[in-house]
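Q: Would you mind keeping the following structure in view while I ask a few things?
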Amino acid sequence: MKEDGTYYAQEVADLLGINKRTLFRWEATGKLPFVPDRDIRDWRVYEQRQVDWLKRNVKLLLKNRG
């Protein structure tokens with residue numbers, strides 16, 4: 001977690017126990033109700049509320065593959 005309480009994609013993936021590419025795929029296919037911000041390097045930056053939503057819904061997202 002960064003000092004401002006945000007997370008990079010790899011940190012979020014690690015918290016959820018998934019691959020970072022899975023997180024990107026969910027975003028690309030519209031399975032997330034949000035789009036993470038980007039930093040100056042164009043890296044995805046997730047807010048705490050977004051990470052909380054993912055923690056609550058990761059099992060459902062994984063179950064509904066395909």
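Letters A, B, ... go to the chains of the structure tokens in the order shown; residues in each chain start at 1; ligands are counted from 1 in the same order.
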Leaving out region 21-30 of chain A and any residue of its chain fewer than 5 positions from it, which residues lie within 10 Å of it when counting only C-alpha atoms, given as a PDB file with N, CA and C atoms, in the first residue's frame?
A:
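File selection05.pdb, as written:
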```
ATOM      1  N   ALA A   9      -1.765  -2.681  -8.807  1.00  0.00           N
ATOM      2  CA  ALA A   9      -2.437  -3.907  -9.243  1.00  0.00           C
ATOM      3  C   ALA A   9      -1.808  -5.162  -8.634  1.00  0.00           C
ATOM      4  N   GLN A  10      -0.500  -5.244  -8.598  1.00  0.00           N
ATOM      5  CA  GLN A  10       0.138  -6.450  -8.054  1.00  0.00           C
ATOM      6  C   GLN A  10      -0.183  -6.626  -6.575  1.00  0.00           C
ATOM      7  N   VAL A  12      -2.935  -5.605  -5.084  1.00  0.00           N
ATOM      8  CA  VAL A  12      -4.332  -6.047  -5.015  1.00  0.00           C
ATOM      9  C   VAL A  12      -4.423  -7.530  -5.356  1.00  0.00           C
ATOM     10  N   ALA A  13      -3.749  -7.937  -6.418  1.00  0.00           N
ATOM     11  CA  ALA A  13      -3.760  -9.340  -6.821  1.00  0.00           C
ATOM     12  C   ALA A  13      -3.230 -10.231  -5.704  1.00  0.00           C
ATOM     13  N   LEU A  16      -5.773 -10.676  -2.987  1.00  0.00           N
ATOM     14  CA  LEU A  16      -6.894 -11.511  -3.404  1.00  0.00           C
ATOM     15  C   LEU A  16      -6.483 -12.951  -3.710  1.00  0.00           C
ATOM     16  N   VAL A  35     -13.384   1.709 -12.653  1.00  0.00           N
ATOM     17  CA  VAL A  35     -12.136   1.658 -13.413  1.00  0.00           C
ATOM     18  C   VAL A  35     -11.082   2.313 -12.526  1.00  0.00           C
ATOM     19  N   PRO A  36     -10.000   1.616 -12.232  1.00  0.00           N
ATOM     20  CA  PRO A  36      -8.990   2.217 -11.366  1.00  0.00           C
ATOM     21  C   PRO A  36      -8.332   3.426 -12.026  1.00  0.00           C
ATOM     22  N   ARG A  44      -2.073   1.118 -12.931  1.00  0.00           N
ATOM     23  CA  ARG A  44      -3.372   1.163 -12.254  1.00  0.00           C
ATOM     24  C   ARG A  44      -3.176   1.401 -10.756  1.00  0.00           C
ATOM     25  N   LEU A  54     -13.558  -5.670  -4.172  1.00  0.00           N
ATOM     26  CA  LEU A  54     -12.957  -6.879  -4.751  1.00  0.00           C
ATOM     27  C   LEU A  54     -12.858  -7.999  -3.721  1.00  0.00           C
ATOM     28  N   VAL A  58     -14.605 -11.428  -4.811  1.00  0.00           N
ATOM     29  CA  VAL A  58     -13.628 -12.236  -5.549  1.00  0.00           C
ATOM     30  C   VAL A  58     -14.133 -13.652  -5.811  1.00  0.00           C
ATOM     31  N   LEU A  61     -16.632 -13.560  -8.650  1.00  0.00           N
ATOM     32  CA  LEU A  61     -15.946 -13.296  -9.918  1.00  0.00           C
ATOM     33  C   LEU A  61     -15.222 -14.544 -10.423  1.00  0.00           C
ATOM     34  N   LEU A  62     -14.582 -15.253  -9.522  1.00  0.00           N
ATOM     35  CA  LEU A  62     -13.874 -16.464  -9.920  1.00  0.00           C
ATOM     36  C   LEU A  62     -14.837 -17.575 -10.317  1.00  0.00           C
ATOM     37  N   ARG A  65     -16.513 -17.481 -14.195  1.00  0.00           N
ATOM     38  CA  ARG A  65     -15.573 -17.389 -15.330  1.00  0.00           C
ATOM     39  C   ARG A  65     -16.297 -17.789 -16.604  1.00  0.00           C
TER      40      ARG A  65
END
```
Q: Please identify which residues in chain A DSSP calls alpha helix (DSSP H) from the backbone, and express them as a ChimeraX atom specification.
A: /A:9-16,20-28,48-63
Q: Just write the chosen residues, N, CA and C atoms, as a tab-separated table (two decimals), in the first residue's frame.
A:
```
chain	number	residue	atom	x	y	z
A	9	ALA	N	-1.77	-2.68	-8.81
A	9	ALA	CA	-2.44	-3.91	-9.24
A	9	ALA	C	-1.81	-5.16	-8.63
A	10	GLN	N	-0.50	-5.24	-8.60
A	10	GLN	CA	0.14	-6.45	-8.05
A	10	GLN	C	-0.18	-6.63	-6.57
A	11	GLU	N	-0.25	-5.53	-5.85
A	11	GLU	CA	-0.60	-5.60	-4.43
A	11	GLU	C	-2.04	-6.10	-4.25
A	12	VAL	N	-2.93	-5.61	-5.08
A	12	VAL	CA	-4.33	-6.05	-5.02
A	12	VAL	C	-4.42	-7.53	-5.36
A	13	ALA	N	-3.75	-7.94	-6.42
A	13	ALA	CA	-3.76	-9.34	-6.82
A	13	ALA	C	-3.23	-10.23	-5.70
A	14	ASP	N	-2.16	-9.81	-5.06
A	14	ASP	CA	-1.59	-10.58	-3.95
A	14	ASP	C	-2.58	-10.70	-2.79
A	15	LEU	N	-3.28	-9.61	-2.47
A	15	LEU	CA	-4.28	-9.63	-1.40
A	15	LEU	C	-5.42	-10.59	-1.71
A	16	LEU	N	-5.77	-10.68	-2.99
A	16	LEU	CA	-6.89	-11.51	-3.40
A	16	LEU	C	-6.48	-12.95	-3.71
A	20	LYS	N	-2.27	-11.06	-11.45
A	20	LYS	CA	-2.54	-9.69	-11.87
A	20	LYS	C	-3.29	-9.64	-13.20
A	21	ARG	N	-3.00	-10.57	-14.10
A	21	ARG	CA	-3.68	-10.62	-15.39
A	21	ARG	C	-5.18	-10.90	-15.23
A	22	THR	N	-5.55	-11.66	-14.21
A	22	THR	CA	-6.97	-11.91	-13.93
A	22	THR	C	-7.67	-10.61	-13.59
A	23	LEU	N	-7.04	-9.81	-12.76
A	23	LEU	CA	-7.59	-8.50	-12.39
A	23	LEU	C	-7.77	-7.63	-13.64
A	24	PHE	N	-6.77	-7.62	-14.52
A	24	PHE	CA	-6.85	-6.83	-15.74
A	24	PHE	C	-7.96	-7.36	-16.66
A	25	ARG	N	-8.13	-8.67	-16.71
A	25	ARG	CA	-9.17	-9.27	-17.55
A	25	ARG	C	-10.56	-8.88	-17.04
A	26	TRP	N	-10.75	-8.90	-15.73
A	26	TRP	CA	-12.04	-8.48	-15.17
A	26	TRP	C	-12.34	-7.04	-15.56
A	27	GLU	N	-11.33	-6.21	-15.51
A	27	GLU	CA	-11.51	-4.81	-15.89
A	27	GLU	C	-11.87	-4.71	-17.39
A	28	ALA	N	-11.14	-5.41	-18.23
A	28	ALA	CA	-11.33	-5.34	-19.68
A	28	ALA	C	-12.69	-5.88	-20.12
A	48	GLN	N	-8.94	2.22	-1.59
A	48	GLN	CA	-9.31	1.24	-0.57
A	48	GLN	C	-10.72	0.70	-0.79
A	49	ARG	N	-11.66	1.58	-1.15
A	49	ARG	CA	-13.04	1.13	-1.35
A	49	ARG	C	-13.14	0.14	-2.51
A	50	GLN	N	-12.29	0.30	-3.52
A	50	GLN	CA	-12.28	-0.64	-4.64
A	50	GLN	C	-11.70	-1.99	-4.22
A	51	VAL	N	-10.66	-1.95	-3.42
A	51	VAL	CA	-10.06	-3.18	-2.89
A	51	VAL	C	-11.07	-3.90	-2.00
A	52	ASP	N	-11.80	-3.15	-1.19
A	52	ASP	CA	-12.82	-3.75	-0.33
A	52	ASP	C	-13.90	-4.44	-1.17
A	53	TRP	N	-14.34	-3.78	-2.25
A	53	TRP	CA	-15.34	-4.39	-3.13
A	53	TRP	C	-14.80	-5.69	-3.73
A	54	LEU	N	-13.56	-5.67	-4.17
A	54	LEU	CA	-12.96	-6.88	-4.75
A	54	LEU	C	-12.86	-8.00	-3.72
A	55	LYS	N	-12.49	-7.67	-2.49
A	55	LYS	CA	-12.41	-8.68	-1.44
A	55	LYS	C	-13.77	-9.33	-1.20
A	56	ARG	N	-14.83	-8.52	-1.22
A	56	ARG	CA	-16.18	-9.05	-1.01
A	56	ARG	C	-16.68	-9.90	-2.18
A	57	ASN	N	-16.17	-9.64	-3.38
A	57	ASN	CA	-16.73	-10.25	-4.57
A	57	ASN	C	-15.80	-11.20	-5.32
A	58	VAL	N	-14.61	-11.43	-4.81
A	58	VAL	CA	-13.63	-12.24	-5.55
A	58	VAL	C	-14.13	-13.65	-5.81
A	59	LYS	N	-14.78	-14.26	-4.84
A	59	LYS	CA	-15.28	-15.63	-5.03
A	59	LYS	C	-16.32	-15.68	-6.14
A	60	LEU	N	-17.21	-14.72	-6.17
A	60	LEU	CA	-18.23	-14.67	-7.21
A	60	LEU	C	-17.60	-14.45	-8.58
A	61	LEU	N	-16.63	-13.56	-8.65
A	61	LEU	CA	-15.95	-13.30	-9.92
A	61	LEU	C	-15.22	-14.54	-10.42
A	62	LEU	N	-14.58	-15.25	-9.52
A	62	LEU	CA	-13.87	-16.46	-9.92
A	62	LEU	C	-14.84	-17.58	-10.32
A	63	LYS	N	-15.96	-17.63	-9.65
A	63	LYS	CA	-16.96	-18.66	-9.95
A	63	LYS	C	-17.59	-18.45	-11.31
```
Q: Between A:Glu47, A:Ile40, A:Leu32, A:Ile18, which residue has the minimum interatomic distance to Gly5 (chain A), considering only C-alpha atoms?
A: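 Counting only C-alpha atoms, the residue closest to Gly5 (chain A) is A:Glu47.
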Q: Would you please extract all strand (DSSP E or B) residues from chain A, as assigned by DSSP on the backbone, and give them as an mmCIF file with N, CA and C atoms, in the first residue's frame?
A:
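Written file, selection.cif:
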```
data_model
loop_
_atom_site.group_PDB
_atom_site.id
_atom_site.type_symbol
_atom_site.label_atom_id
_atom_site.label_comp_id
_atom_site.auth_asym_id
_atom_site.auth_seq_id
_atom_site.Cartn_x
_atom_site.Cartn_y
_atom_site.Cartn_z
ATOM 1 N N TYR A 7 -3.424 1.239 -3.695
ATOM 2 C CA TYR A 7 -2.698 0.007 -3.994
ATOM 3 C C TYR A 7 -2.419 -0.095 -5.487
ATOM 4 N N TYR A 8 -1.292 -0.686 -5.823
ATOM 5 C CA TYR A 8 -1.010 -1.024 -7.210
ATOM 6 C C TYR A 8 -1.616 -2.388 -7.524
ATOM 7 N N ASP A 37 -7.895 4.348 -11.184
ATOM 8 C CA ASP A 37 -7.141 5.495 -11.678
ATOM 9 C C ASP A 37 -5.793 5.022 -12.192
ATOM 10 N N ARG A 38 -5.081 5.915 -12.844
ATOM 11 C CA ARG A 38 -3.734 5.627 -13.335
ATOM 12 C C ARG A 38 -2.776 6.670 -12.751
ATOM 13 N N ARG A 44 -2.073 1.118 -12.931
ATOM 14 C CA ARG A 44 -3.372 1.163 -12.254
ATOM 15 C C ARG A 44 -3.176 1.401 -10.756
ATOM 16 N N VAL A 45 -4.036 2.253 -10.204
ATOM 17 C CA VAL A 45 -4.000 2.575 -8.780
ATOM 18 C C VAL A 45 -5.409 2.385 -8.229
ATOM 19 N N TYR A 46 -5.532 1.496 -7.250
ATOM 20 C CA TYR A 46 -6.834 1.154 -6.681
ATOM 21 C C TYR A 46 -7.013 1.833 -5.330
#
```
